[in-house]
Amino acid sequence: MIELKSPSQMELMKEAGRIVGQVLRRLKEAVRPGISTLELDHLAEEAILKLGGRPAFKGYRGFPASLCTSVNEEVVHGIPSRRRLQPGDIVGLDVGVALEGYFSDAAITVPVDGIEPKVANLLWIAESALRKGIHMAKPSGRLSDISHAIQQEVETHGYSVVRDFVGHGIGTQLHEAPQIPNYGKPGYGPVLKSGMVLAIEPMVNQGKPEVEVLADGWTAVTKDRSLSAHFEHTVAVTDDGPEILTRWNA
Ligand code: MG
């Protein structure tokens with residue numbers, strides 16, 4: 001069952017979303033060659049707390065950090081470490097915030113410095129796929145319209161979508177019904193209604209769609225070790241269309 005949020009619940013999710021967006025903006029500015037992913041995690045945690053939120057990922061099923069940092073062939077759920085970012089790297093930054101019992105969740109993939117044009121294109125298409133998916137998050141549409149729009153944008157440009165991880169409903173839980181695959185035929189699944197809140201999150205690989213999880217139990221990497229990009233927004237379905245709650249460039 002997909003929970004519909006009341007206007008007052010929506011307000012808390014918006015506030016949590018504003019914190020997520022601000023934190024991502026700060027992190028984006030902080031990414032540079034030589035910074036470690038652990039330093040980015042500390043920045044994220046400090047900013048979340050200062051803005052009045054709680055880091056939603058820390059301790060979630062035992063995850064040890066406030067931020068997921070996924071470098072290059074890492075797809076999602078990378079654990080911050082002393083690894084220092086190098087020019088030409090890309091780093092996925094995924095932030096979740098809880099505020100008074102409500103969650104918001106978003107991610108960006110950021111170039112570290114001087115990336116090759118074909119890598120810039122991967123980031124561009126992954127973000128564009130997110131936008132196309134969000135565009136379909138409107139009342140009376142069907143859930144798989146979102147999935148299809150994402151897959152279409154990604155595969156048209158010669159990339160692949162990850163199957164093993166999906167977007168999700170969000171609210172009083174970080175992950176709620178429904179699951180939102182990033183692939184599929186349009187016109188299937190639940191009818192979208194005003195009051196639903198969805199975390200839409202395409203994971204886009206340069207090579208094949210298969211992924212595997214490393215021995216740390218968290219870090220997902222592409223099986224062929226090709227680069228991967230991840231973008232995510234928490235989006236409210238409203239009578240006026242999709243409303244992004246986690247803007248990082250507002
Ligand atoms: Mg998510």
# chains A, B, ... in the order shown; residues from 1 in each chain; ligands from 1
$ closest_atom_pairs --of "chain A" --to "ligand 1" --cutoff "6 Å" --atoms "only C-alpha atoms and all ligand atoms" --output "CSV"
residue,atom,partner,partner_atom_place_in_ligand_line,distance
A:Asp105,CA,ligand 1,1 (Mg),5.5
A:Gly167,CA,ligand 1,1 (Mg),5.8
A:Ala199,CA,ligand 1,1 (Mg),5.6
$ residues_around --residues "A:Lys223" --least-positions-apart "3" --cutoff "9 Å" --atoms "only C-alpha atoms" --output "VMD selection string"
chain A and resid 73 208 to 212 226
$ write_last_selection --atoms "C-alpha atoms" --output "mmCIF file, in the first residue's frame"
data_model
loop_
_atom_site.group_PDB
_atom_site.id
_atom_site.type_symbol
_atom_site.label_atom_id
_atom_site.label_comp_id
_atom_site.auth_asym_id
_atom_site.auth_seq_id
_atom_site.Cartn_x
_atom_site.Cartn_y
_atom_site.Cartn_z
ATOM 1 C CA GLU A 73 32.832 2.228 -11.012
ATOM 2 C CA LYS A 208 26.627 -3.359 -18.927
ATOM 3 C CA PRO A 209 23.829 -3.145 -16.319
ATOM 4 C CA GLU A 210 25.133 -5.885 -13.995
ATOM 5 C CA VAL A 211 26.470 -4.933 -10.574
ATOM 6 C CA GLU A 212 28.033 -6.774 -7.664
ATOM 7 C CA SER A 226 32.714 0.640 -16.222
#
$ atom_distance --atom1 "atom CA of A:Leu227" --atom2 "atom CA of A:Ala120"
11.2 Å
$ residues_around --residues "A:Asn121" --least-positions-apart "5" --cutoff "10 Å" --atoms "only C-alpha atoms" --output "number ranges by chain"
A: 115-116, 126-127, 157, 206
$ write_last_selection --atoms "C-alpha atoms" --output "mmCIF file, in the first residue's frame"
data_model
loop_
_atom_site.group_PDB
_atom_site.id
_atom_site.type_symbol
_atom_site.label_atom_id
_atom_site.label_comp_id
_atom_site.auth_asym_id
_atom_site.auth_seq_id
_atom_site.Cartn_x
_atom_site.Cartn_y
_atom_site.Cartn_z
ATOM 1 C CA ILE A 115 36.789 14.856 -16.644
ATOM 2 C CA GLU A 116 36.773 13.559 -20.219
ATOM 3 C CA ALA A 126 21.985 10.278 -15.928
ATOM 4 C CA GLU A 127 20.684 13.619 -14.653
ATOM 5 C CA HIS A 157 22.157 7.341 -25.485
ATOM 6 C CA GLN A 206 28.621 3.294 -19.105
#
$ closest_atom_pairs --of "stretch 75-156 of chain A" --to "stretch 38-54 of chain A" --cutoff "6 Å" --atoms "only C-alpha atoms" --output "Markdown table"
| residue | atom | partner | partner_atom | distance |
| --- | --- | --- | --- | --- |
| A:Pro80 | CA | A:Leu38 | CA | 4.6 |
| A:Ser81 | CA | A:Leu38 | CA | 4.8 |
| A:Arg82 | CA | A:Leu38 | CA | 5.8 |
| A:Val97 | CA | A:Arg54 | CA | 5.6 |
| A:Ala98 | CA | A:Arg54 | CA | 5.1 |
| A:Leu99 | CA | A:Gly53 | CA | 5.2 |
$ write_last_selection --atoms "C-alpha atoms" --output "compact mmCIF listing (two decimals), in the first residue's frame"
# COMPACT_ATOMS: atom_id res chain seq x y z
CA PRO A 80 33.41 7.00 3.09
CA SER A 81 37.09 6.28 3.66
CA ARG A 82 40.53 7.90 3.58
CA VAL A 97 17.83 13.39 6.35
CA ALA A 98 15.24 12.67 9.02
CA LEU A 99 13.29 15.55 10.53
$ closest_residue --among "A:Ile79, A:Glu201, A:Arg32, A:Ser147" --to "A:Gly62" --atoms "only C-alpha atoms"
A:Ile79
$ closest_residue --among "A:Val23, A:Val110, A:Ala137, A:Val204" --to "A:Gln151" --atoms "only C-alpha atoms"
A:Val204
$ decode --residues "stretch 27-64 of chain A" --atoms "C-alpha atoms" --output "short mmCIF file (atom, residue, chain, number, x, y, z; two decimals), in the first residue's frame"
data_model
loop_
_atom_site.label_atom_id
_atom_site.label_comp_id
_atom_site.auth_asym_id
_atom_site.auth_seq_id
_atom_site.Cartn_x
_atom_site.Cartn_y
_atom_site.Cartn_z
CA LEU A 27 29.26 19.04 -0.73
CA LYS A 28 29.34 19.86 -4.43
CA GLU A 29 31.32 22.99 -3.65
CA ALA A 30 33.69 21.03 -1.40
CA VAL A 31 34.58 18.32 -3.95
CA ARG A 32 38.12 18.89 -5.24
CA PRO A 33 41.24 16.80 -5.89
CA GLY A 34 42.84 15.66 -2.63
CA ILE A 35 39.75 15.71 -0.42
CA SER A 36 38.91 12.33 1.11
CA THR A 37 35.45 10.83 1.04
CA LEU A 38 35.60 10.66 4.84
CA GLU A 39 36.13 14.43 4.96
CA LEU A 40 33.03 14.80 2.77
CA ASP A 41 31.12 12.58 5.20
CA HIS A 42 32.15 14.78 8.13
CA LEU A 43 31.08 17.89 6.22
CA ALA A 44 27.71 16.29 5.45
CA GLU A 45 27.07 15.21 9.03
CA GLU A 46 28.03 18.60 10.43
CA ALA A 47 25.78 20.41 7.95
CA ILE A 48 22.80 18.10 8.54
CA LEU A 49 23.00 18.56 12.32
CA LYS A 50 23.53 22.32 12.04
CA LEU A 51 20.42 22.60 9.87
CA GLY A 52 18.39 20.73 12.49
CA GLY A 53 18.14 17.31 10.85
CA ARG A 54 19.40 13.86 11.69
CA PRO A 55 21.58 11.85 9.28
CA ALA A 56 19.18 9.13 8.12
CA PHE A 57 21.81 6.74 6.77
CA LYS A 58 23.98 6.56 9.87
CA GLY A 59 23.22 3.24 11.55
CA TYR A 60 20.63 2.32 8.92
CA ARG A 61 21.00 -1.49 8.77
CA GLY A 62 24.45 -0.86 10.23
CA PHE A 63 25.69 1.65 7.62
CA PRO A 64 28.61 3.43 9.32
#
